[in-house]
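> I am sharing final_34.tsv, which consists of TSV, C-alpha atoms:
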```
chain	number	residue	atom	x	y	z
A	1	MET	CA	66.09	-11.10	70.88
A	2	SER	CA	68.15	-7.98	71.56
A	3	THR	CA	69.00	-7.43	67.89
A	4	ASN	CA	65.52	-6.15	67.29
A	5	GLN	CA	66.01	-3.45	69.87
A	6	ASP	CA	69.51	-2.68	68.51
A	7	ASN	CA	68.05	-2.16	65.08
A	8	HIS	CA	65.65	0.39	66.39
A	9	THR	CA	67.90	2.58	68.54
A	10	PRO	CA	70.51	3.73	65.99
A	11	LYS	CA	67.80	5.17	63.73
A	12	GLN	CA	66.85	7.56	66.49
A	13	ASP	CA	70.46	8.48	67.38
A	14	VAL	CA	71.83	9.22	63.90
A	15	GLY	CA	70.18	12.61	63.45
A	16	SER	CA	72.36	14.96	65.50
A	17	PRO	CA	69.67	17.56	66.38
A	18	PRO	CA	66.79	16.27	68.52
A	19	ALA	CA	64.29	16.72	65.70
A	20	GLU	CA	60.86	15.20	66.07
A	21	PRO	CA	60.64	12.25	63.68
A	22	THR	CA	57.09	13.00	62.50
A	23	ALA	CA	57.93	16.30	60.75
A	24	PRO	CA	58.41	16.11	56.96
A	25	PRO	CA	61.98	16.82	55.84
A	26	VAL	CA	61.44	20.35	54.52
A	27	PRO	CA	64.84	21.90	53.72
A	28	ASP	CA	65.03	25.06	55.80
A	29	VAL	CA	67.04	27.12	53.32
A	30	GLU	CA	66.86	30.55	54.88
A	31	ASN	CA	67.57	29.83	58.55
A	32	GLN	CA	70.34	27.32	57.93
A	33	THR	CA	73.52	27.90	59.92
A	34	PRO	CA	76.31	27.69	57.32
A	35	GLY	CA	78.80	24.89	57.78
A	36	THR	CA	76.61	22.18	59.25
A	37	THR	CA	77.62	18.90	57.64
A	38	TYR	CA	74.02	17.79	57.20
A	39	GLY	CA	73.05	20.72	54.97
A	40	VAL	CA	76.17	20.61	52.80
A	41	SER	CA	76.05	16.87	52.19
A	42	ASP	CA	72.35	17.20	51.46
A	43	ILE	CA	72.96	19.88	48.83
A	44	ILE	CA	75.83	17.92	47.27
A	45	ARG	CA	73.66	14.81	47.07
A	46	ARG	CA	70.94	16.85	45.39
A	47	TRP	CA	73.46	18.26	42.91
A	48	LYS	CA	74.72	14.77	42.08
A	49	ARG	CA	71.21	13.44	41.60
A	50	GLU	CA	70.32	16.40	39.40
A	51	ASP	CA	73.47	15.92	37.35
A	52	PHE	CA	72.67	12.21	36.92
A	53	ILE	CA	69.12	13.00	35.83
A	54	ASN	CA	70.32	15.69	33.43
A	55	ARG	CA	72.76	13.26	31.82
A	56	GLY	CA	70.11	10.53	31.64
A	57	SER	CA	67.70	12.95	30.03
A	58	LEU	CA	70.39	14.02	27.55
A	59	GLY	CA	71.11	10.36	26.71
A	60	LEU	CA	67.43	9.66	26.10
A	61	ARG	CA	67.21	12.69	23.82
A	62	GLY	CA	70.24	11.41	21.93
A	63	LEU	CA	68.52	8.03	21.46
A	64	ASP	CA	65.34	9.79	20.40
A	65	LEU	CA	67.27	11.79	17.81
A	66	LEU	CA	69.04	8.66	16.52
A	67	PHE	CA	65.86	6.60	16.17
A	68	SER	CA	63.82	9.44	14.64
A	69	LEU	CA	66.55	10.11	12.10
A	70	LEU	CA	66.77	6.41	11.22
A	71	ALA	CA	62.99	6.15	10.83
A	72	PHE	CA	63.05	9.25	8.61
A	73	ILE	CA	65.91	7.98	6.39
A	74	ILE	CA	64.59	4.41	6.09
A	75	MET	CA	61.06	5.51	5.25
A	76	ALA	CA	62.12	8.29	2.86
A	77	SER	CA	64.34	5.92	0.88
A	78	ASN	CA	61.64	3.24	0.73
A	79	LYS	CA	60.75	3.64	-2.98
A	80	HIS	CA	61.08	0.55	-5.17
A	81	GLY	CA	58.64	1.30	-8.00
A	82	ASP	CA	55.16	-0.06	-8.79
A	83	TRP	CA	53.07	-0.63	-5.63
A	84	LYS	CA	56.26	-0.62	-3.55
A	85	ASP	CA	56.39	3.15	-3.00
A	86	PHE	CA	55.87	4.42	0.51
A	87	ASP	CA	54.06	7.53	-0.75
A	88	LYS	CA	51.20	5.48	-2.17
A	89	TYR	CA	50.03	4.74	1.41
A	90	GLU	CA	48.75	7.38	3.80
A	91	GLU	CA	50.03	5.45	6.85
A	92	TYR	CA	53.61	5.56	5.60
A	93	ARG	CA	53.35	9.23	4.67
A	94	TYR	CA	52.13	9.85	8.24
A	95	VAL	CA	55.09	7.92	9.67
A	96	LEU	CA	57.49	9.95	7.52
A	97	ALA	CA	55.91	13.27	8.54
A	98	ILE	CA	56.05	12.45	12.24
A	99	ALA	CA	59.64	11.13	11.93
A	100	ILE	CA	60.72	14.46	10.38
A	101	LEU	CA	58.89	16.42	13.08
A	102	SER	CA	60.40	14.31	15.84
A	103	THR	CA	63.90	14.68	14.37
A	104	LEU	CA	63.56	18.46	14.30
A	105	TYR	CA	62.24	18.51	17.87
A	106	ALA	CA	65.05	16.25	19.09
A	107	VAL	CA	67.71	18.38	17.35
A	108	GLY	CA	66.34	21.54	18.90
A	109	GLN	CA	66.10	20.06	22.39
A	110	ALA	CA	69.54	18.43	22.21
A	111	LEU	CA	71.17	21.67	21.05
A	112	ARG	CA	69.54	23.56	23.92
A	113	GLN	CA	70.54	20.95	26.53
A	114	VAL	CA	74.12	20.62	25.26
A	115	HIS	CA	74.44	24.41	25.27
A	116	GLU	CA	73.20	24.52	28.86
A	117	LEU	CA	75.51	21.72	30.02
A	118	TRP	CA	78.62	23.14	28.36
A	119	THR	CA	78.25	26.85	29.08
A	120	GLY	CA	76.11	26.71	32.19
A	121	ASN	CA	73.94	29.52	30.80
A	122	ARG	CA	70.25	28.93	30.55
A	123	LEU	CA	68.52	30.11	27.39
A	124	LEU	CA	65.17	29.94	29.15
A	125	GLN	CA	64.11	30.18	32.76
A	126	GLN	CA	64.24	26.95	34.75
A	127	ARG	CA	60.48	26.69	35.12
A	128	THR	CA	59.72	27.58	31.50
A	129	SER	CA	62.17	25.04	30.15
A	130	SER	CA	60.86	22.32	32.50
A	131	LEU	CA	57.30	22.93	31.36
A	132	LEU	CA	58.40	23.03	27.71
A	133	ASP	CA	60.19	19.70	28.15
A	134	PHE	CA	57.22	18.16	29.91
A	135	PHE	CA	54.54	19.20	27.42
A	136	GLY	CA	56.73	18.89	24.33
A	137	ASP	CA	57.93	15.39	25.19
A	138	GLN	CA	54.41	14.16	25.89
A	139	ILE	CA	52.93	15.61	22.72
A	140	MET	CA	55.75	14.23	20.55
A	141	ALA	CA	55.42	10.84	22.26
A	142	TYR	CA	51.68	10.78	21.49
A	143	LEU	CA	52.38	11.61	17.83
A	144	LEU	CA	55.07	8.93	17.54
A	145	ILE	CA	52.98	6.12	19.05
A	146	SER	CA	50.05	7.20	16.90
A	147	ALA	CA	52.14	7.03	13.70
A	148	ALA	CA	53.65	3.67	14.58
A	149	SER	CA	50.27	2.16	15.53
A	150	SER	CA	48.56	3.39	12.40
A	151	ALA	CA	51.14	1.76	10.11
A	152	VAL	CA	51.37	-1.61	11.89
A	153	PRO	CA	48.15	-3.37	10.70
A	154	MET	CA	48.67	-2.76	6.95
A	155	THR	CA	52.32	-3.80	7.15
A	156	ASN	CA	51.26	-6.99	8.95
A	157	ARG	CA	48.78	-7.83	6.20
A	158	MET	CA	51.33	-7.13	3.47
A	159	ARG	CA	53.89	-9.35	5.14
A	160	GLU	CA	51.39	-12.19	5.38
A	161	ARG	CA	51.10	-12.21	1.60
A	162	THR	CA	54.63	-11.31	0.52
A	163	ASP	CA	57.97	-10.51	2.11
A	164	ASN	CA	60.28	-8.23	0.16
A	165	ILE	CA	62.58	-5.26	0.68
A	166	PHE	CA	59.64	-2.84	0.73
A	167	THR	CA	57.77	-4.52	3.60
A	168	ASP	CA	61.02	-5.12	5.48
A	169	ALA	CA	62.03	-1.46	5.22
A	170	SER	CA	58.53	-0.41	6.33
A	171	ALA	CA	58.74	-2.70	9.35
A	172	ALA	CA	62.18	-1.31	10.20
A	173	ALA	CA	60.96	2.28	9.99
A	174	ILE	CA	57.98	1.44	12.21
A	175	SER	CA	60.27	-0.22	14.75
A	176	MET	CA	62.51	2.85	14.79
A	177	THR	CA	59.47	5.07	15.32
A	178	PHE	CA	58.41	2.87	18.23
A	179	LEU	CA	61.90	2.98	19.78
A	180	ALA	CA	61.90	6.78	19.43
A	181	PHE	CA	58.53	6.76	21.21
A	182	LEU	CA	59.96	4.67	24.06
A	183	ALA	CA	62.92	7.04	24.54
A	184	LEU	CA	60.62	10.06	24.47
A	185	ALA	CA	58.08	8.52	26.86
A	186	LEU	CA	60.86	7.84	29.39
A	187	SER	CA	62.11	11.38	28.83
A	188	ALA	CA	58.61	12.71	29.53
A	189	MET	CA	58.53	10.77	32.82
A	190	ILE	CA	61.92	12.28	33.76
A	191	SER	CA	60.63	15.73	32.81
A	192	GLY	CA	57.70	15.14	35.14
A	193	TYR	CA	60.09	14.14	37.92
A	194	LYS	CA	62.19	17.26	37.27
A	195	LEU	CA	59.08	19.38	37.46
A	196	SER	CA	58.22	17.73	40.77
A	197	ALA	CA	61.73	18.09	42.23
A	198	GLN	CA	62.07	21.71	41.17
A	199	PRO	CA	60.86	23.66	44.21
A	200	TYR	CA	63.51	21.94	46.33
A	201	ILE	CA	66.33	23.63	44.40
B	1	MET	CA	48.25	54.98	47.62
B	2	SER	CA	49.25	53.63	50.97
B	3	THR	CA	47.66	50.27	50.32
B	4	ASN	CA	50.41	49.47	47.86
B	5	GLN	CA	53.02	50.13	50.50
B	6	ASP	CA	51.04	48.18	53.03
B	7	ASN	CA	50.98	45.24	50.70
B	8	HIS	CA	54.73	45.33	50.28
B	9	THR	CA	55.95	45.87	53.80
B	10	PRO	CA	54.52	42.76	55.46
B	11	LYS	CA	56.31	40.54	52.97
B	12	GLN	CA	59.68	41.84	54.11
B	13	ASP	CA	58.82	41.91	57.80
B	14	VAL	CA	57.23	38.49	58.14
B	15	GLY	CA	60.43	36.48	57.99
B	16	SER	CA	61.89	37.01	61.47
B	17	PRO	CA	65.62	36.71	60.50
B	18	PRO	CA	67.14	39.32	58.14
B	19	ALA	CA	67.07	36.97	55.17
B	20	GLU	CA	68.55	38.04	51.82
B	21	PRO	CA	65.75	38.82	49.34
B	22	THR	CA	67.28	36.78	46.50
B	23	ALA	CA	66.41	33.47	48.16
B	24	PRO	CA	63.56	31.54	46.50
B	25	PRO	CA	60.27	31.70	48.40
B	26	VAL	CA	60.49	28.38	50.17
B	27	PRO	CA	57.58	28.14	52.61
B	28	ASP	CA	59.15	28.01	56.02
B	29	VAL	CA	56.64	25.63	57.52
B	30	GLU	CA	58.25	24.90	60.85
B	31	ASN	CA	59.37	28.37	61.97
B	32	GLN	CA	56.24	30.22	60.91
B	33	THR	CA	54.82	32.56	63.50
B	34	PRO	CA	51.15	31.59	63.73
B	35	GLY	CA	48.54	34.26	63.00
B	36	THR	CA	50.30	36.35	60.31
B	37	THR	CA	47.72	37.33	57.70
B	38	TYR	CA	50.09	36.74	54.76
B	39	GLY	CA	50.62	33.09	55.62
B	40	VAL	CA	46.95	32.36	56.19
B	41	SER	CA	45.73	33.99	52.97
B	42	ASP	CA	48.49	32.21	51.11
B	43	ILE	CA	47.43	28.87	52.50
B	44	ILE	CA	43.76	29.54	51.75
B	45	ARG	CA	44.60	30.50	48.17
B	46	ARG	CA	46.60	27.30	47.81
B	47	TRP	CA	43.68	25.27	49.21
B	48	LYS	CA	41.27	26.89	46.77
B	49	ARG	CA	43.57	26.24	43.83
B	50	GLU	CA	44.06	22.65	44.92
B	51	ASP	CA	40.33	22.19	45.32
B	52	PHE	CA	39.75	23.60	41.82
B	53	ILE	CA	42.38	21.30	40.34
B	54	ASN	CA	41.00	18.30	42.18
B	55	ARG	CA	37.51	19.00	40.83
B	56	GLY	CA	38.86	19.54	37.31
B	57	SER	CA	40.76	16.29	37.53
B	58	LEU	CA	37.63	14.52	38.79
B	59	GLY	CA	35.61	15.96	35.89
B	60	LEU	CA	38.19	14.79	33.35
B	61	ARG	CA	38.13	11.31	34.86
B	62	GLY	CA	34.35	11.33	34.61
B	63	LEU	CA	34.61	12.21	30.92
B	64	ASP	CA	37.24	9.53	30.44
B	65	LEU	CA	34.95	6.96	32.06
B	66	LEU	CA	31.99	8.06	29.92
B	67	PHE	CA	33.88	7.94	26.62
B	68	SER	CA	35.65	4.67	27.39
B	69	LEU	CA	32.37	3.05	28.35
B	70	LEU	CA	30.71	4.33	25.14
B	71	ALA	CA	33.61	3.06	23.01
B	72	PHE	CA	33.36	-0.32	24.75
B	73	ILE	CA	29.58	-0.62	24.29
B	74	ILE	CA	29.52	0.61	20.70
B	75	MET	CA	32.36	-1.64	19.61
B	76	ALA	CA	31.14	-4.71	21.50
B	77	SER	CA	27.65	-4.44	19.95
B	78	ASN	CA	29.09	-3.92	16.45
B	79	LYS	CA	28.18	-7.34	15.03
B	80	HIS	CA	25.99	-7.43	11.92
B	81	GLY	CA	26.88	-10.78	10.37
B	82	ASP	CA	29.01	-11.69	7.35
B	83	TRP	CA	32.10	-9.45	7.01
B	84	LYS	CA	30.44	-6.87	9.26
B	85	ASP	CA	31.64	-8.37	12.56
B	86	PHE	CA	34.11	-6.35	14.58
B	87	ASP	CA	35.90	-9.49	15.77
B	88	LYS	CA	37.05	-10.37	12.26
B	89	TYR	CA	39.51	-7.45	12.36
B	90	GLU	CA	42.45	-7.26	14.74
B	91	GLU	CA	42.30	-3.44	14.88
B	92	TYR	CA	38.75	-3.50	16.22
B	93	ARG	CA	39.56	-6.23	18.73
B	94	TYR	CA	42.47	-4.02	19.90
B	95	VAL	CA	40.12	-1.02	20.27
B	96	LEU	CA	37.67	-3.14	22.29
B	97	ALA	CA	40.41	-4.49	24.57
B	98	ILE	CA	41.82	-1.03	25.29
B	99	ALA	CA	38.33	0.40	25.82
B	100	ILE	CA	37.64	-2.26	28.46
B	101	LEU	CA	41.01	-1.64	30.13
B	102	SER	CA	40.45	2.11	30.13
B	103	THR	CA	36.94	1.72	31.58
B	104	LEU	CA	38.27	-0.40	34.42
B	105	TYR	CA	41.09	2.07	35.10
B	106	ALA	CA	38.67	5.03	35.06
B	107	VAL	CA	36.24	3.28	37.42
B	108	GLY	CA	39.04	2.48	39.87
B	109	GLN	CA	40.46	6.00	39.80
B	110	ALA	CA	37.05	7.69	40.06
B	111	LEU	CA	36.07	5.52	43.03
B	112	ARG	CA	39.33	6.38	44.79
B	113	GLN	CA	38.98	10.12	44.09
B	114	VAL	CA	35.32	10.30	45.09
B	115	HIS	CA	36.12	8.42	48.28
B	116	GLU	CA	38.90	10.90	49.07
B	117	LEU	CA	36.75	13.96	48.32
B	118	TRP	CA	33.77	12.76	50.37
B	119	THR	CA	35.47	11.28	53.42
B	120	GLY	CA	38.72	13.24	53.41
B	121	ASN	CA	40.61	10.03	54.13
B	122	ARG	CA	43.42	9.10	51.80
B	123	LEU	CA	43.67	5.44	50.82
B	124	LEU	CA	47.28	5.99	49.68
B	125	GLN	CA	49.95	8.46	50.64
B	126	GLN	CA	49.86	11.78	48.79
B	127	ARG	CA	53.12	11.17	46.92
B	128	THR	CA	52.26	7.57	46.01
B	129	SER	CA	48.85	8.52	44.66
B	130	SER	CA	50.29	11.45	42.67
B	131	LEU	CA	52.89	9.20	41.06
B	132	LEU	CA	50.26	6.53	40.38
B	133	ASP	CA	48.03	9.14	38.71
B	134	PHE	CA	50.89	10.51	36.67
B	135	PHE	CA	52.24	7.22	35.35
B	136	GLY	CA	48.85	5.51	35.06
B	137	ASP	CA	47.27	8.37	33.11
B	138	GLN	CA	50.18	8.58	30.70
B	139	ILE	CA	50.31	4.85	30.04
B	140	MET	CA	46.55	4.62	29.49
B	141	ALA	CA	46.67	7.68	27.22
B	142	TYR	CA	49.40	6.03	25.12
B	143	LEU	CA	47.32	2.85	24.83
B	144	LEU	CA	44.17	4.77	23.84
B	145	ILE	CA	45.83	6.86	21.13
B	146	SER	CA	47.56	3.74	19.85
B	147	ALA	CA	44.26	1.84	19.57
B	148	ALA	CA	42.46	4.73	17.89
B	149	SER	CA	45.30	5.33	15.40
B	150	SER	CA	45.58	1.67	14.47
B	151	ALA	CA	41.88	1.41	13.57
B	152	VAL	CA	41.58	4.66	11.62
B	153	PRO	CA	43.19	3.71	8.24
B	154	MET	CA	41.16	0.53	7.64
B	155	THR	CA	37.91	2.27	8.60
B	156	ASN	CA	38.75	5.08	6.18
B	157	ARG	CA	39.27	2.61	3.33
B	158	MET	CA	36.03	0.76	4.16
B	159	ARG	CA	34.07	3.99	4.17
B	160	GLU	CA	35.46	4.96	0.78
B	161	ARG	CA	33.89	1.84	-0.70
B	162	THR	CA	30.71	1.51	1.31
B	163	ASP	CA	28.90	3.30	4.10
B	164	ASN	CA	26.71	1.20	6.36
B	165	ILE	CA	25.89	0.71	10.02
B	166	PHE	CA	29.03	-1.33	10.61
B	167	THR	CA	31.48	1.32	9.38
B	168	ASP	CA	29.50	4.07	11.10
B	169	ALA	CA	29.58	2.25	14.44
B	170	SER	CA	33.31	1.60	14.02
B	171	ALA	CA	33.93	5.28	13.34
B	172	ALA	CA	31.85	6.21	16.39
B	173	ALA	CA	33.79	3.82	18.64
B	174	ILE	CA	37.10	5.20	17.32
B	175	SER	CA	35.93	8.76	17.98
B	176	MET	CA	34.94	7.83	21.53
B	177	THR	CA	38.36	6.24	22.06
B	178	PHE	CA	40.00	9.42	20.80
B	179	LEU	CA	37.87	11.60	23.09
B	180	ALA	CA	38.78	9.35	26.04
B	181	PHE	CA	42.42	9.83	25.05
B	182	LEU	CA	42.01	13.62	25.05
B	183	ALA	CA	40.45	13.61	28.53
B	184	LEU	CA	43.17	11.33	29.85
B	185	ALA	CA	46.00	13.33	28.25
B	186	LEU	CA	44.69	16.50	29.92
B	187	SER	CA	44.39	14.57	33.17
B	188	ALA	CA	48.02	13.45	32.82
B	189	MET	CA	49.09	17.07	32.39
B	190	ILE	CA	47.17	18.00	35.55
B	191	SER	CA	48.76	15.07	37.38
B	192	GLY	CA	52.16	16.43	36.34
B	193	TYR	CA	51.20	19.85	37.65
B	194	LYS	CA	50.02	18.29	40.93
B	195	LEU	CA	53.31	16.44	41.22
B	196	SER	CA	55.14	19.72	40.68
B	197	ALA	CA	53.02	21.68	43.17
B	198	GLN	CA	53.24	19.00	45.84
B	199	PRO	CA	56.26	20.05	47.92
B	200	TYR	CA	54.54	23.39	48.68
B	201	ILE	CA	51.77	21.65	50.62
```
Show me this structure written as structure tokens.

Amino acid sequence: MSTNQDNHTPKQDVGSPPAEPTAPPVPDVENQTPGTTYGVSDIIRRWKREDFINRGSLGLRGLDLLFSLLAFIIMASNKHGDWKDFDKYEEYRYVLAIAILSTLYAVGQALRQVHELWTGNRLLQQRTSSLLDFFGDQIMAYLLISAASSAVPMTNRMRERTDNIFTDASAAAISMTFLAFLALALSAMISGYKLSAQPYI
Amino acid sequence: MSTNQDNHTPKQDVGSPPAEPTAPPVPDVENQTPGTTYGVSDIIRRWKREDFINRGSLGLRGLDLLFSLLAFIIMASNKHGDWKDFDKYEEYRYVLAIAILSTLYAVGQALRQVHELWTGNRLLQQRTSSLLDFFGDQIMAYLLISAASSAVPMTNRMRERTDNIFTDASAAAISMTFLAFLALALSAMISGYKLSAQPYI
């Protein structure tokens, strides 16, 4: 009976200033009196969240690099003579091309992010780099899923007839391309979140 | 001559406290003195930009709906007997399934947006609907490019051998799927921009 009322009252009492509860929580950066616990803890929480997101984004880029590199190596070494050469099929050449492109993109992005994390210097402005991440990740993700999808049907048909090292390596390279796509798609979502959280900084 | 100075001085004088000029221009919503020209023109400009973006987004969704519907109709009616039935090939069944899904998604989104533009009521909260747009558009765009890419190689091979109404209709449906993907990818970029511009509202 009374627990319901008790649950309601503390929510109103926790906020120390008598702020109206309907106002959106806009951080009032300029008029803040320095030293209020609310502001400092708020900023520290934001820093922690940002740090977590940066590390998550770095981890996803690492995975993307790993999977792209694997797809590239597996597909490039997939030559076993006769009809079992990857470069006799346009789908597999497409997968190889996109794997190389994705590897280069991932290396570039990882170098930039590691440089920023270690030295604290930014090579590009915050907004520019966020936009670059957002658009670059999406475009690379589209290319990766396109390459993987284009190669799947033919590989399926081949594996229905025969099952040898060529078809297995093709399937492995396609799987790696798909995993790289997953990492990059998640990274694109995080880039979108970063873009959205930016004006609060 | 003096207009330049007049344009500069209000910006420094508007903020009532002597704020340091290095602070980022966070809109101080709560402590704004009502009636300053700078604030009003700023808000009107933001409204206009938002309106433009909303209309652009609505147009892209319209295009997405049109192209998805065309892909669906063309592929579903692509039955000419013998080997010329779309449902004998898994790629074409995949294209049809994704075209139907994309049509349903586009109809739902367009209805919601038209309802919001006409009545001004929001069915969902601003942040929820932005996130829904952002994630939904990206996921549908990934599915569309995947379907189009998977069907391209087989259609190419068929058209090298023979060129009839079946292969032409398949190519048309694939093109429509690709155009729907383009519209939706642009829409996803706009959704990301909306997400990023949101905290200024």
> Would you compute the distance between CA of Asn164 (chain B) and CA of His80 (chain B)? Give it in Å to one decimal.
10.3 Å
> Considering only C-alpha atoms, can you say which of B:Ser130, B:Asn78, B:Ser170, B:Ser68 comes closest to Ala183 (chain B)?
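With only C-alpha atoms as the atom set, the closest residue is B:Ser68.
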> Nearest residue to chain A out of B:Arg157, B:Arg112, B:Arg61, B:Lys84, using all atoms listed in the file?
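When distances to chain A are compared using all atoms listed in the file, the smallest one comes from B:Arg157.
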> How close does chain A get to chain B? List, as a Markdown table, each residue of chain A within 6 Å, its nearest atom pair and the distance in Å to one decimal, counting only C-alpha atoms.

```
| residue | atom | partner | partner_atom | distance |
| --- | --- | --- | --- | --- |
| A:Ile145 | CA | B:Ser146 | CA | 6.0 |
| A:Ser146 | CA | B:Ser146 | CA | 5.2 |
| A:Ser149 | CA | B:Ser150 | CA | 4.8 |
| A:Ser150 | CA | B:Ser150 | CA | 4.0 |
| A:Gly192 | CA | B:Gly192 | CA | 5.8 |
| A:Leu195 | CA | B:Ser196 | CA | 5.1 |
| A:Ser196 | CA | B:Ser196 | CA | 3.7 |
```
> Return the padded bounding box of region 62-81 of chain A as JSON: axis-aligned, built from all atoms listed in the file, 8 Å added on each side, with centre and edge lengths in Å to one decimal.

```
{"center_x": 64.4, "center_y": 6.2, "center_z": 7.0, "size_x": 27.6, "size_y": 27.2, "size_z": 45.9}
```
> Kindly indicate which residue among B:Ala106, B:Leu101, B:Ala76, B:Ala171 lies nearest to Asp133 (chain B), using only C-alpha atoms for the distances.
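Using only C-alpha atoms, Asp133 (chain B) sits closest to B:Ala106.
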> Hey, can you check how far CA of Ser175 (chain A) sits from CA of Leu104 (chain A)?
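About the pair CA of Ser175 (chain A) and CA of Leu104 (chain A): they are 19.0 Å apart.
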> Between CA of Phe178 (chain A) and CA of Met75 (chain A), what is the distance, to one decimal in Å?
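Between CA of Phe178 (chain A) and CA of Met75 (chain A) the gap is 13.5 Å.
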